[in-house]
Amino acid sequence: AAHTVGSPQIRHRGTVGGNLGAASPAGDCHPALLAAGAEIEAASVRGTRLIPVDEFYTGVKRNALAPDELIRAVRIRRADGPQQFSKVGTRNAMVIALCAFGLALHPATRTVRTGIGSAAPTPVRAHAAEDFLNAALAEGGFWESGRALPPSLAGQFAELCSGACAPIDDVRGSAAYRRHAVGVMARRTLAWTWDEFRGPGRSTEGGASCA
């Protein structure tokens, strides 16, 4: 996600903390941080505190920092499973996200987390989609077997991710397109992460890797 933020010149001066401080719903780092379950360390003369990323975004371009607090660090647990980030823009470089999607598999806890950007007033998770997928993976024994995911499962997950959006029409795209694009990215990132989790040499035929 950080690699997609602006030009090399912008990236040399920009930071993940800058994305968080601005709290724009279109910030590229937000979906990845939500999917990873990051924590933001806020510091002031009163001390430090950890803010779960889920609680950090409080409104359009607003965050949970107190007036006297600065972002000291962003804490992210070492990934124990595949993660993917996908972004749609009006061109291939130096573009504000029309919408973005992050997905992380957490095999240690047998859970999946998502993050959606630029498709709601704040960056959000697709909680209903996560609950559905977590239950389906557990009930079907997919974590243990590593079997390919049925297209119907991937399709339902994508539909629920689209339903988590609350987008607007603006100069970069319509609300309907944003919802559709988030669903497409959800289905594709699920296929990419699950294929990586399954490992090389295992067929994806009939699985969730359909476009």
# chains A, B, ... in the order shown; residues from 1 in each chain; ligands from 1
call {"tool": "select_by_dssp", "arguments": {"residues": "range 8-203 of chain A", "states": "alpha helix (DSSP H)", "output": "PyMOL selection string"}}
result
chain A and resi 8-13+16-22+29-36+127-139+142-145+151-163+175-198
call {"tool": "residues_around", "arguments": {"residues": "range 19-32 of chain A", "least_positions_apart": "2", "cutoff": "9 Å", "atoms": "only C-alpha atoms", "output": "ChimeraX atom specification"}}
result
/A:1-2,4-5,14-17,34-38,40,53,56-63,65,70-71,83-85,87,96-104,114-125
call {"tool": "write_last_selection", "arguments": {"atoms": "N, CA and C atoms", "output": "short mmCIF file (atom, residue, chain, number, x, y, z; two decimals), in the first residue's frame"}}
result
data_model
loop_
_atom_site.label_atom_id
_atom_site.label_comp_id
_atom_site.auth_asym_id
_atom_site.auth_seq_id
_atom_site.Cartn_x
_atom_site.Cartn_y
_atom_site.Cartn_z
N ALA A 1 0.83 -1.20 0.00
CA ALA A 1 0.00 0.00 0.00
C ALA A 1 0.87 1.25 0.00
N ALA A 2 1.94 1.25 0.79
CA ALA A 2 2.80 2.43 0.85
C ALA A 2 3.44 2.72 -0.50
N THR A 4 2.13 2.65 -3.32
CA THR A 4 1.21 3.30 -4.25
C THR A 4 0.98 4.78 -3.91
N VAL A 5 1.54 5.26 -2.82
CA VAL A 5 1.28 6.63 -2.38
C VAL A 5 2.11 7.60 -3.20
N GLY A 14 6.51 11.68 2.67
CA GLY A 14 5.30 11.23 3.35
C GLY A 14 5.56 10.07 4.30
N THR A 15 4.63 9.85 5.18
CA THR A 15 4.77 8.77 6.16
C THR A 15 3.43 8.08 6.37
N VAL A 16 3.47 6.90 6.96
CA VAL A 16 2.25 6.23 7.38
C VAL A 16 1.54 7.10 8.42
N GLY A 17 2.34 7.73 9.29
CA GLY A 17 1.76 8.63 10.29
C GLY A 17 1.04 9.79 9.65
N LEU A 34 -5.96 -1.64 8.69
CA LEU A 34 -7.16 -2.28 9.23
C LEU A 34 -7.07 -3.79 9.10
N ALA A 35 -6.66 -4.26 7.93
CA ALA A 35 -6.57 -5.71 7.71
C ALA A 35 -5.53 -6.35 8.62
N ALA A 36 -4.46 -5.63 8.90
CA ALA A 36 -3.39 -6.17 9.73
C ALA A 36 -3.71 -6.07 11.23
N GLY A 37 -4.69 -5.26 11.59
CA GLY A 37 -5.01 -5.10 13.01
C GLY A 37 -3.98 -4.26 13.75
N ALA A 38 -3.56 -3.16 13.14
CA ALA A 38 -2.50 -2.32 13.71
C ALA A 38 -2.98 -1.58 14.95
N ILE A 40 -2.07 2.23 16.99
CA ILE A 40 -1.39 3.51 16.87
C ILE A 40 -0.96 3.96 18.25
N VAL A 53 -6.54 0.40 15.60
CA VAL A 53 -6.83 1.09 14.35
C VAL A 53 -8.33 1.14 14.09
N PHE A 56 -9.57 4.29 15.56
CA PHE A 56 -8.81 5.51 15.29
C PHE A 56 -9.58 6.50 14.42
N TYR A 57 -10.37 6.02 13.47
CA TYR A 57 -11.07 6.90 12.53
C TYR A 57 -12.43 7.25 13.11
N THR A 58 -12.65 8.53 13.40
CA THR A 58 -13.87 8.95 14.08
C THR A 58 -14.83 9.72 13.19
N GLY A 59 -14.43 10.08 11.99
CA GLY A 59 -15.28 10.83 11.08
C GLY A 59 -14.49 11.21 9.84
N VAL A 60 -15.11 11.96 8.96
CA VAL A 60 -14.43 12.36 7.73
C VAL A 60 -13.22 13.23 8.08
N LYS A 61 -12.04 12.71 7.81
CA LYS A 61 -10.78 13.39 8.09
C LYS A 61 -10.64 13.75 9.57
N ARG A 62 -11.20 12.91 10.43
CA ARG A 62 -11.05 13.10 11.87
C ARG A 62 -10.56 11.80 12.50
N ASN A 63 -9.75 11.96 13.55
CA ASN A 63 -9.21 10.77 14.22
C ASN A 63 -9.32 10.92 15.73
N LEU A 65 -7.02 11.15 18.00
CA LEU A 65 -5.96 11.84 18.73
C LEU A 65 -6.50 13.02 19.52
N LEU A 70 0.62 13.37 19.58
CA LEU A 70 1.26 13.09 18.30
C LEU A 70 1.36 11.58 18.11
N ILE A 71 1.43 11.16 16.86
CA ILE A 71 1.62 9.74 16.58
C ILE A 71 3.10 9.41 16.75
N GLN A 83 -1.02 -11.46 2.85
CA GLN A 83 -1.78 -10.22 2.85
C GLN A 83 -1.73 -9.62 1.44
N GLN A 84 -2.80 -8.93 1.06
CA GLN A 84 -2.86 -8.31 -0.25
C GLN A 84 -3.51 -6.94 -0.15
N PHE A 85 -3.10 -6.05 -1.05
CA PHE A 85 -3.68 -4.71 -1.16
C PHE A 85 -3.99 -4.45 -2.62
N LYS A 87 -6.01 -1.52 -5.36
CA LYS A 87 -6.44 -0.12 -5.45
C LYS A 87 -6.93 0.17 -6.87
N ILE A 96 -5.12 9.50 -6.50
CA ILE A 96 -5.89 9.25 -5.29
C ILE A 96 -6.81 8.07 -5.55
N ALA A 97 -6.90 7.18 -4.60
CA ALA A 97 -7.69 5.97 -4.78
C ALA A 97 -9.16 6.30 -5.02
N LEU A 98 -9.70 5.74 -6.08
CA LEU A 98 -11.15 5.77 -6.27
C LEU A 98 -11.79 4.85 -5.24
N CYS A 99 -11.14 3.73 -5.00
CA CYS A 99 -11.46 2.85 -3.88
C CYS A 99 -10.28 1.90 -3.70
N ALA A 100 -10.17 1.31 -2.52
CA ALA A 100 -9.05 0.41 -2.23
C ALA A 100 -9.53 -0.67 -1.27
N PHE A 101 -8.80 -1.78 -1.28
CA PHE A 101 -9.20 -2.93 -0.45
C PHE A 101 -7.96 -3.65 0.05
N GLY A 102 -7.98 -3.99 1.32
CA GLY A 102 -6.91 -4.79 1.92
C GLY A 102 -7.48 -6.04 2.54
N LEU A 103 -6.73 -7.13 2.45
CA LEU A 103 -7.17 -8.41 3.01
C LEU A 103 -5.97 -9.10 3.64
N ALA A 104 -6.15 -9.63 4.83
CA ALA A 104 -5.08 -10.36 5.52
C ALA A 104 -5.62 -11.64 6.10
N THR A 114 -10.35 -7.47 6.92
CA THR A 114 -10.43 -6.67 5.71
C THR A 114 -10.22 -5.20 6.02
N GLY A 115 -10.03 -4.40 4.99
CA GLY A 115 -10.00 -2.95 5.10
C GLY A 115 -10.45 -2.34 3.79
N ILE A 116 -11.33 -1.36 3.87
CA ILE A 116 -11.86 -0.71 2.68
C ILE A 116 -11.54 0.78 2.76
N GLY A 117 -11.03 1.33 1.67
CA GLY A 117 -10.71 2.75 1.61
C GLY A 117 -11.47 3.46 0.51
N SER A 118 -11.76 4.72 0.74
CA SER A 118 -12.36 5.61 -0.25
C SER A 118 -13.73 5.11 -0.72
N ALA A 119 -14.46 4.43 0.15
CA ALA A 119 -15.79 3.95 -0.21
C ALA A 119 -16.77 4.13 0.94
N ALA A 120 -16.42 5.00 1.89
CA ALA A 120 -17.27 5.32 3.04
C ALA A 120 -16.70 6.60 3.66
N PRO A 121 -17.42 7.24 4.57
CA PRO A 121 -16.90 8.46 5.19
C PRO A 121 -15.57 8.27 5.90
N THR A 122 -15.32 7.05 6.39
CA THR A 122 -14.04 6.71 7.01
C THR A 122 -13.56 5.40 6.43
N PRO A 123 -12.29 5.06 6.59
CA PRO A 123 -11.86 3.70 6.27
C PRO A 123 -12.63 2.72 7.15
N VAL A 124 -13.06 1.60 6.59
CA VAL A 124 -13.90 0.67 7.33
C VAL A 124 -13.48 -0.77 7.08
N ARG A 125 -13.91 -1.65 7.96
CA ARG A 125 -13.80 -3.09 7.75
C ARG A 125 -15.15 -3.63 7.29
#
call {"tool": "closest_residue", "arguments": {"among": "A:Pro52, A:Gly140, A:Gly89, A:Pro82", "to": "Thr189 in chain A", "atoms": "only C-alpha atoms"}}
result
A:Pro82
call {"tool": "atom_distance", "arguments": {"atom1": "CA of Arg188 in chain A", "atom2": "CA of Ser7 in chain A"}}
result
25.7 Å
call {"tool": "residues_around", "arguments": {"residues": "range 175-178 of chain A", "least_positions_apart": "2", "cutoff": "9 Å", "atoms": "only C-alpha atoms", "output": "list in words"}}
result
Val88, Leu98, Cys99, Ser118, Ala119, Ser162, Cys165, Ala166, Pro167, Ile168, Asp169, Asp170, Gly173, His180, Ala181, Val182 and Gly183 of chain A
call {"tool": "write_last_selection", "arguments": {"atoms": "N, CA, C and O atoms", "output": "PDB file, in the first residue's frame"}}
result
ATOM      1  N   VAL A  88      -8.001   0.938  -6.971  1.00  0.00           N
ATOM      2  CA  VAL A  88      -8.515   1.384  -8.271  1.00  0.00           C
ATOM      3  C   VAL A  88      -8.360   2.896  -8.344  1.00  0.00           C
ATOM      4  O   VAL A  88      -8.739   3.617  -7.413  1.00  0.00           O
ATOM      5  N   LEU A  98      -9.701   5.738  -6.082  1.00  0.00           N
ATOM      6  CA  LEU A  98     -11.151   5.768  -6.268  1.00  0.00           C
ATOM      7  C   LEU A  98     -11.793   4.847  -5.241  1.00  0.00           C
ATOM      8  O   LEU A  98     -12.840   5.140  -4.682  1.00  0.00           O
ATOM      9  N   CYS A  99     -11.140   3.732  -4.996  1.00  0.00           N
ATOM     10  CA  CYS A  99     -11.459   2.848  -3.882  1.00  0.00           C
ATOM     11  C   CYS A  99     -10.280   1.897  -3.705  1.00  0.00           C
ATOM     12  O   CYS A  99      -9.472   1.717  -4.624  1.00  0.00           O
ATOM     13  N   SER A 118     -11.758   4.721   0.743  1.00  0.00           N
ATOM     14  CA  SER A 118     -12.364   5.609  -0.253  1.00  0.00           C
ATOM     15  C   SER A 118     -13.731   5.110  -0.723  1.00  0.00           C
ATOM     16  O   SER A 118     -14.121   5.331  -1.864  1.00  0.00           O
ATOM     17  N   ALA A 119     -14.462   4.435   0.147  1.00  0.00           N
ATOM     18  CA  ALA A 119     -15.793   3.947  -0.209  1.00  0.00           C
ATOM     19  C   ALA A 119     -16.771   4.126   0.942  1.00  0.00           C
ATOM     20  O   ALA A 119     -17.814   3.489   0.983  1.00  0.00           O
ATOM     21  N   SER A 162     -19.038  -5.486  -0.746  1.00  0.00           N
ATOM     22  CA  SER A 162     -19.698  -4.371  -1.428  1.00  0.00           C
ATOM     23  C   SER A 162     -20.749  -3.739  -0.525  1.00  0.00           C
ATOM     24  O   SER A 162     -20.898  -2.511  -0.493  1.00  0.00           O
ATOM     25  N   CYS A 165     -19.858  -0.940   2.043  1.00  0.00           N
ATOM     26  CA  CYS A 165     -19.504   0.392   1.555  1.00  0.00           C
ATOM     27  C   CYS A 165     -20.652   1.373   1.754  1.00  0.00           C
ATOM     28  O   CYS A 165     -21.822   0.996   1.739  1.00  0.00           O
ATOM     29  N   ALA A 166     -20.303   2.643   1.904  1.00  0.00           N
ATOM     30  CA  ALA A 166     -21.277   3.738   1.925  1.00  0.00           C
ATOM     31  C   ALA A 166     -20.678   4.884   1.118  1.00  0.00           C
ATOM     32  O   ALA A 166     -20.377   5.955   1.648  1.00  0.00           O
ATOM     33  N   PRO A 167     -20.476   4.669  -0.193  1.00  0.00           N
ATOM     34  CA  PRO A 167     -19.724   5.630  -1.006  1.00  0.00           C
ATOM     35  C   PRO A 167     -20.577   6.803  -1.484  1.00  0.00           C
ATOM     36  O   PRO A 167     -21.797   6.833  -1.291  1.00  0.00           O
ATOM     37  N   ILE A 168     -19.905   7.744  -2.114  1.00  0.00           N
ATOM     38  CA  ILE A 168     -20.562   8.906  -2.705  1.00  0.00           C
ATOM     39  C   ILE A 168     -20.199   8.985  -4.180  1.00  0.00           C
ATOM     40  O   ILE A 168     -19.258   8.346  -4.644  1.00  0.00           O
ATOM     41  N   ASP A 169     -20.977   9.764  -4.913  1.00  0.00           N
ATOM     42  CA  ASP A 169     -20.604  10.141  -6.276  1.00  0.00           C
ATOM     43  C   ASP A 169     -19.709  11.372  -6.200  1.00  0.00           C
ATOM     44  O   ASP A 169     -20.021  12.330  -5.482  1.00  0.00           O
ATOM     45  N   ASP A 170     -18.576  11.343  -6.901  1.00  0.00           N
ATOM     46  CA  ASP A 170     -17.744  12.539  -6.994  1.00  0.00           C
ATOM     47  C   ASP A 170     -17.051  12.554  -8.352  1.00  0.00           C
ATOM     48  O   ASP A 170     -17.369  11.750  -9.231  1.00  0.00           O
ATOM     49  N   GLY A 173     -15.470   9.130  -9.503  1.00  0.00           N
ATOM     50  CA  GLY A 173     -16.250   7.939  -9.795  1.00  0.00           C
ATOM     51  C   GLY A 173     -17.596   7.970  -9.108  1.00  0.00           C
ATOM     52  O   GLY A 173     -17.836   8.775  -8.187  1.00  0.00           O
ATOM     53  N   HIS A 180     -19.179  -1.754  -6.852  1.00  0.00           N
ATOM     54  CA  HIS A 180     -18.829  -2.857  -7.748  1.00  0.00           C
ATOM     55  C   HIS A 180     -17.337  -3.166  -7.670  1.00  0.00           C
ATOM     56  O   HIS A 180     -16.944  -4.333  -7.568  1.00  0.00           O
ATOM     57  N   ALA A 181     -16.504  -2.123  -7.711  1.00  0.00           N
ATOM     58  CA  ALA A 181     -15.057  -2.326  -7.716  1.00  0.00           C
ATOM     59  C   ALA A 181     -14.575  -2.957  -6.419  1.00  0.00           C
ATOM     60  O   ALA A 181     -13.684  -3.811  -6.427  1.00  0.00           O
ATOM     61  N   VAL A 182     -15.155  -2.571  -5.288  1.00  0.00           N
ATOM     62  CA  VAL A 182     -14.765  -3.176  -4.016  1.00  0.00           C
ATOM     63  C   VAL A 182     -15.077  -4.666  -4.030  1.00  0.00           C
ATOM     64  O   VAL A 182     -14.282  -5.489  -3.560  1.00  0.00           O
ATOM     65  N   GLY A 183     -16.223  -5.043  -4.589  1.00  0.00           N
ATOM     66  CA  GLY A 183     -16.557  -6.458  -4.691  1.00  0.00           C
ATOM     67  C   GLY A 183     -15.572  -7.224  -5.550  1.00  0.00           C
ATOM     68  O   GLY A 183     -15.154  -8.339  -5.203  1.00  0.00           O
TER      69      GLY A 183
END
call {"tool": "closest_residue", "arguments": {"among": "A:Ala42, A:Val112, A:Ala129, A:Leu137", "to": "Asp68 in chain A", "atoms": "only C-alpha atoms"}}
result
A:Ala42
call {"tool": "atom_distance", "arguments": {"atom1": "CA of Glu69 in chain A", "atom2": "CA of Glu41 in chain A"}}
result
9.7 Å
call {"tool": "residues_around", "arguments": {"residues": "Gly81 in chain A", "least_positions_apart": "4", "cutoff": "12 Å", "atoms": "only C-alpha atoms", "output": "list of chain:residue names"}}
result
A:Ala35, A:Ala36, A:Arg77, A:Leu103, A:Ala104, A:Leu105, A:His106, A:Pro107, A:Ala108, A:Thr109, A:Arg110, A:Thr111, A:Val112, A:Arg113, A:Trp143, A:Trp192, A:Thr193, A:Trp194, A:Asp195, A:Glu196, A:Phe197, A:Arg198, A:Gly199
call {"tool": "write_last_selection", "arguments": {"atoms": "N, CA, C and O atoms", "output": "mmCIF file, in the first residue's frame"}}
result
data_model
loop_
_atom_site.group_PDB
_atom_site.id
_atom_site.type_symbol
_atom_site.label_atom_id
_atom_site.label_comp_id
_atom_site.auth_asym_id
_atom_site.auth_seq_id
_atom_site.Cartn_x
_atom_site.Cartn_y
_atom_site.Cartn_z
ATOM 1 N N ALA A 35 -6.661 -4.263 7.927
ATOM 2 C CA ALA A 35 -6.574 -5.708 7.707
ATOM 3 C C ALA A 35 -5.531 -6.348 8.617
ATOM 4 O O ALA A 35 -5.709 -7.490 9.068
ATOM 5 N N ALA A 36 -4.462 -5.631 8.896
ATOM 6 C CA ALA A 36 -3.392 -6.171 9.732
ATOM 7 C C ALA A 36 -3.706 -6.075 11.225
ATOM 8 O O ALA A 36 -3.037 -6.709 12.046
ATOM 9 N N ARG A 77 1.711 -6.399 14.205
ATOM 10 C CA ARG A 77 2.278 -7.716 14.492
ATOM 11 C C ARG A 77 2.865 -8.318 13.217
ATOM 12 O O ARG A 77 2.358 -8.106 12.118
ATOM 13 N N LEU A 103 -6.732 -7.130 2.447
ATOM 14 C CA LEU A 103 -7.166 -8.409 3.011
ATOM 15 C C LEU A 103 -5.965 -9.099 3.641
ATOM 16 O O LEU A 103 -4.878 -9.131 3.056
ATOM 17 N N ALA A 104 -6.155 -9.632 4.835
ATOM 18 C CA ALA A 104 -5.082 -10.355 5.519
ATOM 19 C C ALA A 104 -5.625 -11.644 6.102
ATOM 20 O O ALA A 104 -6.660 -11.642 6.781
ATOM 21 N N LEU A 105 -4.939 -12.747 5.808
ATOM 22 C CA LEU A 105 -5.241 -14.025 6.447
ATOM 23 C C LEU A 105 -4.397 -14.148 7.709
ATOM 24 O O LEU A 105 -3.192 -13.873 7.685
ATOM 25 N N HIS A 106 -5.036 -14.572 8.792
ATOM 26 C CA HIS A 106 -4.340 -14.757 10.062
ATOM 27 C C HIS A 106 -4.504 -16.224 10.480
ATOM 28 O O HIS A 106 -5.366 -16.560 11.320
ATOM 29 N N PRO A 107 -3.678 -17.120 9.915
ATOM 30 C CA PRO A 107 -3.835 -18.552 10.200
ATOM 31 C C PRO A 107 -3.697 -18.904 11.683
ATOM 32 O O PRO A 107 -4.327 -19.861 12.141
ATOM 33 N N ALA A 108 -2.897 -18.153 12.421
ATOM 34 C CA ALA A 108 -2.687 -18.476 13.833
ATOM 35 C C ALA A 108 -3.990 -18.395 14.624
ATOM 36 O O ALA A 108 -4.210 -19.167 15.559
ATOM 37 N N THR A 109 -4.844 -17.463 14.246
ATOM 38 C CA THR A 109 -6.129 -17.313 14.935
ATOM 39 C C THR A 109 -7.291 -17.787 14.071
ATOM 40 O O THR A 109 -8.455 -17.654 14.482
ATOM 41 N N ARG A 110 -6.985 -18.331 12.889
ATOM 42 C CA ARG A 110 -8.010 -18.805 11.955
ATOM 43 C C ARG A 110 -9.033 -17.701 11.663
ATOM 44 O O ARG A 110 -10.251 -17.908 11.694
ATOM 45 N N THR A 111 -8.533 -16.507 11.383
ATOM 46 C CA THR A 111 -9.406 -15.381 11.084
ATOM 47 C C THR A 111 -8.929 -14.647 9.835
ATOM 48 O O THR A 111 -7.776 -14.772 9.414
ATOM 49 N N VAL A 112 -9.845 -13.881 9.272
ATOM 50 C CA VAL A 112 -9.574 -13.029 8.117
ATOM 51 C C VAL A 112 -10.012 -11.615 8.475
ATOM 52 O O VAL A 112 -11.066 -11.425 9.088
ATOM 53 N N ARG A 113 -9.189 -10.627 8.115
ATOM 54 C CA ARG A 113 -9.534 -9.223 8.345
ATOM 55 C C ARG A 113 -9.488 -8.478 7.025
ATOM 56 O O ARG A 113 -8.678 -8.801 6.151
ATOM 57 N N TRP A 143 -9.049 -24.337 6.535
ATOM 58 C CA TRP A 143 -7.729 -24.026 7.095
ATOM 59 C C TRP A 143 -6.869 -25.287 7.189
ATOM 60 O O TRP A 143 -5.671 -25.245 6.900
ATOM 61 N N TRP A 192 -6.007 -14.431 -4.351
ATOM 62 C CA TRP A 192 -4.542 -14.308 -4.276
ATOM 63 C C TRP A 192 -4.005 -14.777 -2.924
ATOM 64 O O TRP A 192 -3.025 -15.522 -2.868
ATOM 65 N N THR A 193 -4.639 -14.312 -1.844
ATOM 66 C CA THR A 193 -4.139 -14.694 -0.518
ATOM 67 C C THR A 193 -4.346 -16.180 -0.250
ATOM 68 O O THR A 193 -3.485 -16.834 0.335
ATOM 69 N N TRP A 194 -5.496 -16.717 -0.677
ATOM 70 C CA TRP A 194 -5.745 -18.131 -0.419
ATOM 71 C C TRP A 194 -4.813 -19.011 -1.242
ATOM 72 O O TRP A 194 -4.310 -20.036 -0.751
ATOM 73 N N ASP A 195 -4.539 -18.634 -2.476
ATOM 74 C CA ASP A 195 -3.586 -19.392 -3.283
ATOM 75 C C ASP A 195 -2.203 -19.377 -2.639
ATOM 76 O O ASP A 195 -1.489 -20.390 -2.627
ATOM 77 N N GLU A 196 -1.805 -18.240 -2.096
ATOM 78 C CA GLU A 196 -0.501 -18.157 -1.425
ATOM 79 C C GLU A 196 -0.492 -19.006 -0.161
ATOM 80 O O GLU A 196 0.493 -19.679 0.155
ATOM 81 N N PHE A 197 -1.598 -18.988 0.575
ATOM 82 C CA PHE A 197 -1.698 -19.799 1.786
ATOM 83 C C PHE A 197 -1.604 -21.288 1.457
ATOM 84 O O PHE A 197 -0.957 -22.055 2.175
ATOM 85 N N ARG A 198 -2.239 -21.696 0.386
ATOM 86 C CA ARG A 198 -2.244 -23.106 -0.011
ATOM 87 C C ARG A 198 -0.852 -23.564 -0.441
ATOM 88 O O ARG A 198 -0.514 -24.730 -0.328
ATOM 89 N N GLY A 199 -0.052 -22.649 -0.975
ATOM 90 C CA GLY A 199 1.310 -22.988 -1.359
ATOM 91 C C GLY A 199 1.416 -23.327 -2.829
ATOM 92 O O GLY A 199 0.414 -23.546 -3.523
#
call {"tool": "decode", "arguments": {"residues": "range 16-31 of chain A", "atoms": "N, CA, C and O atoms", "output": "short mmCIF file (atom, residue, chain, number, x, y, z; two decimals), in the first residue's frame"}}
result
data_model
loop_
_atom_site.label_atom_id
_atom_site.label_comp_id
_atom_site.auth_asym_id
_atom_site.auth_seq_id
_atom_site.Cartn_x
_atom_site.Cartn_y
_atom_site.Cartn_z
N VAL A 16 3.47 6.90 6.96
CA VAL A 16 2.25 6.23 7.38
C VAL A 16 1.54 7.10 8.42
O VAL A 16 0.31 7.22 8.43
N GLY A 17 2.34 7.73 9.29
CA GLY A 17 1.76 8.63 10.29
C GLY A 17 1.04 9.79 9.65
O GLY A 17 0.01 10.26 10.17
N GLY A 18 1.54 10.26 8.51
CA GLY A 18 0.87 11.33 7.79
C GLY A 18 -0.49 10.90 7.28
O GLY A 18 -1.47 11.64 7.36
N ASN A 19 -0.54 9.68 6.74
CA ASN A 19 -1.83 9.12 6.31
C ASN A 19 -2.80 9.06 7.48
O ASN A 19 -3.97 9.45 7.36
N LEU A 20 -2.33 8.57 8.63
CA LEU A 20 -3.19 8.45 9.79
C LEU A 20 -3.61 9.81 10.33
O LEU A 20 -4.76 10.01 10.71
N GLY A 21 -2.67 10.73 10.38
CA GLY A 21 -2.99 12.06 10.91
C GLY A 21 -4.02 12.79 10.06
O GLY A 21 -4.92 13.45 10.59
N ALA A 22 -3.90 12.68 8.75
CA ALA A 22 -4.87 13.31 7.86
C ALA A 22 -6.22 12.61 7.92
O ALA A 22 -7.27 13.23 7.77
N ALA A 23 -6.19 11.28 8.13
CA ALA A 23 -7.41 10.47 8.27
C ALA A 23 -8.35 10.60 7.09
O ALA A 23 -9.57 10.45 7.24
N SER A 24 -7.81 10.87 5.91
CA SER A 24 -8.65 10.90 4.72
C SER A 24 -9.12 9.48 4.41
O SER A 24 -8.33 8.54 4.47
N PRO A 25 -10.39 9.30 4.07
CA PRO A 25 -10.85 7.95 3.73
C PRO A 25 -10.14 7.36 2.51
O PRO A 25 -10.17 6.15 2.31
N ALA A 26 -9.49 8.23 1.71
CA ALA A 26 -8.79 7.77 0.52
C ALA A 26 -7.32 7.44 0.77
O ALA A 26 -6.61 7.06 -0.15
N GLY A 27 -6.85 7.57 2.00
CA GLY A 27 -5.45 7.26 2.30
C GLY A 27 -5.12 5.81 1.99
O GLY A 27 -5.86 4.90 2.40
N ASP A 28 -4.03 5.58 1.29
CA ASP A 28 -3.71 4.23 0.83
C ASP A 28 -3.35 3.28 1.96
O ASP A 28 -3.56 2.07 1.85
N CYS A 29 -2.78 3.78 3.04
CA CYS A 29 -2.32 2.88 4.09
C CYS A 29 -3.46 2.33 4.96
O CYS A 29 -3.30 1.29 5.60
N HIS A 30 -4.60 3.02 4.99
CA HIS A 30 -5.65 2.64 5.92
C HIS A 30 -6.18 1.21 5.73
O HIS A 30 -6.30 0.47 6.71
N PRO A 31 -6.52 0.78 4.50
CA PRO A 31 -7.03 -0.58 4.36
C PRO A 31 -6.04 -1.64 4.84
O PRO A 31 -6.43 -2.63 5.46
#
